[in-house]
>>> print(open('upload_31.txt').read())   # compact mmCIF, C-alpha atoms
# COMPACT_ATOMS: atom_id res chain seq x y z
CA MET A 1 -35.53 10.85 -21.78
CA SER A 2 -35.89 7.21 -20.82
CA GLU A 3 -36.40 6.27 -17.19
CA THR A 4 -33.56 4.36 -15.61
CA SER A 5 -33.41 3.20 -12.01
CA PRO A 6 -30.58 4.56 -9.86
CA GLN A 7 -28.91 1.14 -9.68
CA GLU A 8 -29.08 0.89 -13.49
CA PHE A 9 -27.23 4.22 -13.58
CA ILE A 10 -24.42 2.69 -11.49
CA ASN A 11 -24.43 -0.53 -13.51
CA ALA A 12 -23.92 1.54 -16.66
CA LEU A 13 -20.51 2.67 -15.31
CA PRO A 14 -18.17 -0.27 -15.91
CA PHE A 15 -15.67 0.71 -13.21
CA ALA A 16 -18.38 1.28 -10.58
CA ARG A 17 -19.65 -2.20 -11.43
CA ALA A 18 -16.11 -3.63 -11.23
CA LEU A 19 -15.81 -2.29 -7.67
CA GLY A 20 -19.27 -3.67 -6.80
CA MET A 21 -20.76 -0.29 -5.96
CA GLN A 22 -24.36 -0.15 -4.80
CA LEU A 23 -26.46 2.99 -4.99
CA ASP A 24 -28.32 3.22 -1.68
CA SER A 25 -30.12 6.52 -2.22
CA ILE A 26 -30.10 9.51 -4.56
CA GLY A 27 -32.04 12.72 -5.10
CA GLY A 28 -32.04 16.49 -4.70
CA GLY A 29 -28.27 16.85 -5.01
CA ARG A 30 -27.44 14.09 -2.53
CA ALA A 31 -26.31 10.51 -3.03
CA GLU A 32 -25.23 7.55 -0.94
CA ILE A 33 -23.19 4.76 -2.52
CA SER A 34 -21.54 1.81 -0.78
CA MET A 35 -19.14 -1.00 -1.63
CA ALA A 36 -18.15 -4.22 0.12
CA TRP A 37 -14.62 -4.94 1.34
CA ASP A 38 -12.82 -7.15 -1.19
CA ALA A 39 -9.32 -8.67 -0.97
CA ARG A 40 -8.63 -7.45 -4.54
CA PHE A 41 -9.01 -3.81 -3.43
CA VAL A 42 -6.47 -4.01 -0.59
CA GLY A 43 -3.66 -1.43 -0.60
CA ASP A 44 -1.45 -2.68 2.22
CA PRO A 45 -1.39 -6.46 2.63
CA ALA A 46 0.16 -6.15 6.11
CA THR A 47 -3.08 -4.60 7.36
CA GLY A 48 -5.74 -5.70 4.83
CA VAL A 49 -6.86 -2.08 4.55
CA ILE A 50 -8.58 -1.01 1.31
CA HIS A 51 -6.40 1.16 -0.97
CA GLY A 52 -7.04 4.90 -0.79
CA GLY A 53 -7.60 4.86 -4.55
CA ALA A 54 -10.64 2.60 -4.16
CA VAL A 55 -12.07 5.00 -1.56
CA SER A 56 -11.36 7.86 -4.01
CA ALA A 57 -13.24 6.00 -6.73
CA LEU A 58 -16.22 5.56 -4.40
CA MET A 59 -16.15 9.25 -3.39
CA ASP A 60 -15.78 10.41 -7.02
CA THR A 61 -18.70 8.25 -8.17
CA CYS A 62 -20.84 9.40 -5.25
CA GLY A 63 -19.93 13.06 -5.91
CA GLY A 64 -20.82 12.69 -9.58
CA ALA A 65 -24.12 11.00 -8.70
CA ALA A 66 -24.96 13.83 -6.27
CA VAL A 67 -24.37 16.40 -9.05
CA MET A 68 -26.46 14.40 -11.53
CA SER A 69 -29.33 14.36 -9.05
CA TYR A 70 -29.27 18.15 -8.66
CA PRO A 71 -32.34 19.67 -10.35
CA GLY A 72 -31.58 20.56 -13.98
CA ALA A 73 -28.31 18.62 -14.27
CA LEU A 74 -27.58 17.07 -17.64
CA THR A 75 -23.97 15.86 -17.52
CA THR A 76 -21.02 16.25 -15.18
CA ALA A 77 -17.29 15.50 -14.93
CA THR A 78 -14.84 15.91 -12.06
CA ILE A 79 -12.65 19.04 -12.21
CA ASP A 80 -10.77 18.31 -9.00
CA LEU A 81 -11.22 16.19 -5.92
CA ARG A 82 -9.35 16.30 -2.63
CA ILE A 83 -9.59 13.37 -0.23
CA ASP A 84 -8.48 13.54 3.41
CA TYR A 85 -7.91 10.16 5.00
CA MET A 86 -8.91 10.27 8.68
CA ARG A 87 -8.25 6.66 9.56
CA ALA A 88 -7.88 3.21 8.01
CA ALA A 89 -11.17 1.55 7.04
CA THR A 90 -11.64 -1.63 9.08
CA PRO A 91 -10.91 -4.69 6.90
CA GLY A 92 -13.99 -6.76 6.11
CA GLN A 93 -16.42 -3.89 6.62
CA ARG A 94 -18.61 -2.22 4.01
CA ILE A 95 -17.64 1.37 3.09
CA THR A 96 -20.42 3.91 2.53
CA ALA A 97 -19.96 7.33 0.95
CA ARG A 98 -22.42 10.20 1.25
CA ALA A 99 -22.04 13.20 -1.05
CA GLU A 100 -23.85 16.49 -1.16
CA CYS A 101 -23.82 18.96 -4.02
CA TYR A 102 -24.12 22.05 -1.82
CA HIS A 103 -23.82 24.80 -4.40
CA VAL A 104 -24.06 25.15 -8.16
CA THR A 105 -23.26 28.04 -10.46
CA ARG A 106 -24.09 28.19 -14.18
CA ARG A 107 -21.21 25.85 -15.00
CA VAL A 108 -19.74 24.49 -11.75
CA ALA A 109 -21.03 22.23 -8.98
CA PHE A 110 -19.38 22.13 -5.54
CA VAL A 111 -19.48 18.86 -3.66
CA ARG A 112 -18.47 17.58 -0.25
CA ALA A 113 -18.53 13.97 0.82
CA THR A 114 -17.71 11.68 3.71
CA ALA A 115 -17.02 7.95 3.82
CA HIS A 116 -17.41 5.63 6.78
CA ASP A 117 -17.27 1.92 7.50
CA GLU A 118 -19.67 0.15 9.86
CA ASP A 119 -18.71 2.63 12.59
CA SER A 120 -20.75 5.49 11.16
CA ASP A 121 -19.70 7.95 13.90
CA ASN A 122 -16.05 8.06 12.83
CA PRO A 123 -15.46 8.95 9.19
CA VAL A 124 -12.79 7.06 7.26
CA ALA A 125 -12.32 9.93 4.82
CA THR A 126 -13.78 13.25 3.77
CA ALA A 127 -13.64 14.82 0.33
CA SER A 128 -14.37 18.08 -1.39
CA GLY A 129 -14.41 18.75 -5.08
CA ALA A 130 -15.55 20.82 -8.01
CA PHE A 131 -17.46 19.23 -10.88
CA THR A 132 -18.52 20.57 -14.26
CA PHE A 133 -22.25 21.32 -14.41
CA ASP A 134 -24.13 21.22 -17.70
CA ARG A 135 -27.79 22.11 -17.52
CA LYS A 136 -30.68 20.73 -19.49
CA GLU A 137 -32.04 23.11 -22.10
CA ARG A 138 -35.20 24.78 -20.86
CA ALA A 139 -38.26 23.58 -22.81
CA MET B 1 38.77 -2.03 -4.38
CA SER B 2 36.22 -4.70 -5.34
CA ARG B 3 35.08 -5.18 -8.92
CA PRO B 4 31.76 -3.55 -9.84
CA GLU B 5 28.70 -5.81 -9.55
CA PRO B 6 27.87 -7.41 -12.96
CA VAL B 7 25.13 -5.48 -14.79
CA GLN B 8 22.75 -8.46 -15.05
CA GLN B 9 22.99 -8.94 -11.31
CA VAL B 10 22.25 -5.26 -10.64
CA LYS B 11 19.22 -5.32 -12.94
CA HIS B 12 17.92 -8.57 -11.51
CA ARG B 13 18.24 -7.31 -7.94
CA ARG B 14 16.46 -4.02 -8.67
CA ASP B 15 13.74 -5.58 -10.85
CA LEU B 16 13.02 -8.28 -8.26
CA ALA B 17 12.74 -5.68 -5.49
CA LEU B 18 10.38 -3.51 -7.58
CA GLN B 19 8.26 -6.48 -8.67
CA THR B 20 7.98 -7.71 -5.07
CA LEU B 21 6.92 -4.24 -3.93
CA VAL B 22 4.25 -3.89 -6.65
CA ASP B 23 2.99 -7.48 -6.29
CA ALA B 24 2.36 -6.77 -2.63
CA VAL B 25 -0.38 -4.25 -3.51
CA PRO B 26 -3.45 -6.26 -4.60
CA TYR B 27 -5.30 -3.14 -5.82
CA ALA B 28 -2.45 -2.31 -8.27
CA GLY B 29 -2.90 -5.81 -9.75
CA PHE B 30 -6.68 -5.40 -9.87
CA LEU B 31 -6.24 -2.26 -12.00
CA GLY B 32 -3.51 -3.94 -14.09
CA ILE B 33 -0.87 -1.31 -13.22
CA VAL B 34 2.73 -2.24 -14.06
CA PHE B 35 5.98 -0.30 -13.56
CA GLU B 36 8.87 0.29 -15.94
CA ARG B 37 12.26 1.14 -14.44
CA HIS B 38 15.30 2.98 -15.79
CA GLY B 39 17.88 3.13 -13.01
CA ASP B 40 15.92 4.48 -10.09
CA GLU B 41 13.34 6.26 -12.33
CA LEU B 42 9.92 4.62 -12.41
CA THR B 43 7.08 5.02 -14.89
CA ALA B 44 3.70 3.60 -13.91
CA VAL B 45 1.75 2.12 -16.84
CA LEU B 46 -2.03 1.60 -16.86
CA PRO B 47 -2.85 -0.67 -19.83
CA TYR B 48 -6.35 0.01 -21.16
CA ASP B 49 -9.12 -2.35 -20.07
CA ASP B 50 -12.89 -2.08 -20.66
CA LYS B 51 -13.62 -2.27 -16.94
CA LEU B 52 -11.75 1.03 -16.37
CA ILE B 53 -14.42 3.05 -18.18
CA GLY B 54 -16.59 5.49 -16.24
CA ASN B 55 -18.52 7.14 -19.04
CA PRO B 56 -19.45 4.56 -21.70
CA VAL B 57 -20.96 7.21 -24.00
CA LEU B 58 -17.76 9.19 -24.64
CA PRO B 59 -16.10 6.70 -23.72
CA ALA B 60 -13.80 7.95 -20.94
CA LEU B 61 -11.79 6.43 -18.10
CA HIS B 62 -13.52 6.62 -14.69
CA GLY B 63 -12.26 9.52 -12.53
CA GLY B 64 -11.75 7.00 -9.74
CA VAL B 65 -9.48 4.93 -11.99
CA ILE B 66 -7.37 8.03 -12.69
CA ALA B 67 -7.20 8.95 -8.97
CA SER B 68 -6.30 5.34 -8.11
CA PHE B 69 -3.62 5.16 -10.81
CA LEU B 70 -1.97 8.38 -9.56
CA GLU B 71 -2.15 7.33 -5.91
CA VAL B 72 -0.63 3.91 -6.66
CA ALA B 73 2.13 5.63 -8.67
CA ALA B 74 2.81 8.03 -5.76
CA ILE B 75 2.95 5.32 -3.08
CA ILE B 76 5.19 2.98 -5.12
CA GLU B 77 7.55 5.87 -6.01
CA LEU B 78 7.76 6.95 -2.38
CA SER B 79 8.31 3.36 -1.16
CA TRP B 80 10.91 2.81 -3.87
CA ALA B 81 12.78 5.99 -2.86
CA MET B 82 12.57 4.93 0.80
CA LEU B 83 14.03 1.45 0.08
CA TRP B 84 16.58 2.38 -2.60
CA ASP B 85 19.56 3.02 -0.31
CA GLU B 86 18.89 -0.12 1.72
CA LEU B 87 18.64 -2.18 -1.47
CA GLU B 88 21.77 -0.69 -3.02
CA SER B 89 23.83 -1.12 0.16
CA GLY B 90 22.73 -4.75 0.51
CA ARG B 91 21.07 -4.16 3.91
CA LEU B 92 17.75 -5.16 2.33
CA ARG B 93 17.82 -8.31 0.19
CA PRO B 94 15.07 -8.50 -2.46
CA GLU B 95 14.84 -12.28 -2.00
CA GLU B 96 13.77 -11.69 1.59
CA MET B 97 11.32 -8.86 0.85
CA ALA B 98 8.32 -11.02 -0.05
CA ALA B 99 8.39 -12.84 3.29
CA ASN B 100 8.98 -9.66 5.26
CA LEU B 101 7.36 -6.82 3.37
CA PRO B 102 8.29 -3.28 4.33
CA ARG B 103 5.44 -1.19 5.73
CA LEU B 104 4.11 1.25 3.13
CA PRO B 105 3.58 5.01 3.51
CA LYS B 106 0.01 5.95 4.48
CA THR B 107 -1.89 8.60 2.53
CA ILE B 108 -2.83 11.66 4.60
CA ASP B 109 -4.48 13.53 1.74
CA PHE B 110 -4.56 13.34 -2.04
CA THR B 111 -5.77 15.99 -4.49
CA VAL B 112 -6.36 15.17 -8.13
CA ASP B 113 -6.68 17.69 -10.97
CA TYR B 114 -8.57 16.26 -13.93
CA LEU B 115 -7.09 18.18 -16.84
CA ARG B 116 -8.47 16.25 -19.79
CA THR B 117 -10.78 13.33 -20.46
CA GLY B 118 -9.04 9.99 -19.93
CA LEU B 119 -9.15 8.34 -23.34
CA PRO B 120 -9.76 4.62 -23.77
CA ARG B 121 -6.09 3.79 -24.21
CA ASP B 122 -2.95 3.20 -22.09
CA GLY B 123 -1.93 5.80 -19.50
CA TYR B 124 1.45 6.63 -18.00
CA ALA B 125 2.40 8.36 -14.77
CA ARG B 126 5.57 9.58 -13.13
CA ALA B 127 5.78 10.70 -9.50
CA ARG B 128 8.29 13.06 -7.93
CA VAL B 129 9.03 13.13 -4.22
CA ASN B 130 9.27 16.86 -3.50
CA ARG B 131 9.92 16.52 0.20
CA SER B 132 10.61 13.44 2.27
CA GLY B 133 11.27 13.71 5.98
CA ARG B 134 11.33 11.06 8.69
CA ARG B 135 7.60 11.40 9.28
CA TYR B 136 5.97 13.20 6.35
CA ALA B 137 6.42 13.29 2.60
CA SER B 138 4.96 15.36 -0.23
CA VAL B 139 4.65 13.79 -3.68
CA HIS B 140 3.54 15.19 -7.02
CA VAL B 141 2.34 12.96 -9.87
CA GLU B 142 1.84 13.68 -13.57
CA ALA B 143 -0.09 11.43 -15.93
CA TRP B 144 -0.36 11.45 -19.68
CA GLN B 145 -1.52 9.26 -22.56
CA ASP B 146 -0.31 9.96 -26.07
CA ASN B 147 1.83 13.05 -25.49
CA ARG B 148 4.12 13.53 -22.50
CA ALA B 149 3.52 17.31 -22.63
CA ARG B 150 -0.29 17.00 -22.61
CA LEU B 151 -1.11 15.80 -19.10
CA PHE B 152 -4.58 14.36 -18.57
CA ALA B 153 -4.26 14.46 -14.78
CA GLN B 154 -1.93 15.56 -12.02
CA ALA B 155 -2.05 15.09 -8.28
CA THR B 156 -0.37 16.13 -5.05
CA GLY B 157 -0.44 13.97 -1.97
CA HIS B 158 0.92 13.97 1.56
CA PHE B 159 1.99 10.77 3.22
CA LEU B 160 2.88 9.50 6.67
CA MET B 161 6.14 7.57 6.47
CA PRO B 162 6.46 4.19 8.21
CA GLN B 163 8.96 4.05 11.08
CA ARG B 164 12.05 2.23 9.85
CA ALA B 165 14.70 0.65 12.03
CA ASP B 166 17.52 2.45 10.29
CA GLY B 167 15.94 5.61 8.93
>>> encode(input="upload_31.txt", output="structure tokens")
Amino acid sequence: MSETSPQEFINALPFARALGMQLDSIGGGRAEISMAWDARFVGDPATGVIHGGAVSALMDTCGGAAVMSYPGALTTATIDLRIDYMRAATPGQRITARAECYHVTRRVAFVRATAHDEDSDNPVATASGAFTFDRKERA
Amino acid sequence: MSRPEPVQQVKHRRDLALQTLVDAVPYAGFLGIVFERHGDELTAVLPYDDKLIGNPVLPALHGGVIASFLEVAAIIELSWAMLWDELESGRLRPEEMAANLPRLPKTIDFTVDYLRTGLPRDGYARARVNRSGRRYASVHVEAWQDNRARLFAQATGHFLMPQRADG
């Protein structure tokens, strides 16, 4: 298997690149991915708040990255993802998602994630989801 | 009794109101989502674009694109249902909507079921408002590609309704 840097992994996903996602850290079933506020991603022009769908995309990518970084993971896909929106993200601020793959079975990975803006004490959203989990063949 | 409104006028009024509503959501434009209308029934359309891909090997649409598409479809459907009576009664004039946009429902939670891989082609979605009260609403969305009966994703979301002067 060829070595690719974590950011190259993100850059290989066209939609993650389109949203300007940046992989801040990854490893051991955990990942942190962030994206800058952008006027094109706004959901409600009256407030300038980023659309929930863009936050979902960030959480989904971060959840998938967390699963891929779990020891033995080969491929993954989202089975379901629930997002709870705690508050509106402050316009102009960077949004950071942190995901943790906290349990895996033979075929399923369970993930929880939180997203926050520059006020890291008050989450913007939390998520929980199930992902498919395909393992590498043992050598 | 007054004569019925000419059909072209009815269509123009409704289409202008819908277009104004959708144009007001920058993220819908970023994804390229458009809406088709038959009477009050809306179908959201996501035309395929290379940037929507998440897995270039398969290739497959990004899960975040699918979640976004369904959430946009849910919010526009809910807003459309909220404004319909005001538009039809003439209390809300579509010409005045752009300058004074109605506040949109806010998502409380949104759960997406990924049923099949999103293929690199156009997607369609239809949302149904299952419950709409003064404060809260529950919306279900179904999305498909080639076959209406073979959904590739579905979602349920709860929304906080904006306070309206004449609810």
>>> interface_residues(input="upload_31.txt", of="chain B", to="chain A", cutoff="7 Å", atoms="all atoms listed in the file", output="count of residues only")
27
>>> atom_distance(input="upload_31.txt", atom1="CA of Ile33 (chain A)", atom2="CA of Thr96 (chain A)")
5.8 Å
>>> axis_aligned_box(input="upload_31.txt", around="region 43-61 of chain A", padding_each_side="8 Å", output="lines of an AutoDock Vina configuration file")
center_x = -9.3
center_y = 2.0
center_z = -0.4
size_x = 34.9
size_y = 32.9
size_z = 31.5
>>> residues_around(input="upload_31.txt", residues="Val22 (chain B)", least_positions_apart="3", cutoff="10 Å", atoms="only C-alpha atoms", output="MDAnalysis selection string")
chainID B and resid 16:19 25:29 33:35 72:73 75:76 79:80
>>> atom_distance(input="upload_31.txt", atom1="CA of Ala143 (chain B)", atom2="CA of Val124 (chain A)")
26.8 Å
>>> atom_distance(input="upload_31.txt", atom1="CA of Gly32 (chain B)", atom2="CA of Thr20 (chain B)")
15.1 Å
>>> residues_around(input="upload_31.txt", residues="Val67 (chain A)", least_positions_apart="4", cutoff="12 Å", atoms="only C-alpha atoms", output="MDAnalysis selection string")
chainID A and resid 26:31 60:63 71:78 99:105 107:113 129:135
>>> residues_around(input="upload_31.txt", residues="region 145-148 of chain B", least_positions_apart="4", cutoff="10 Å", atoms="only C-alpha atoms", output="PyMOL selection string")
chain B and resi 45-46+118-125+152-153
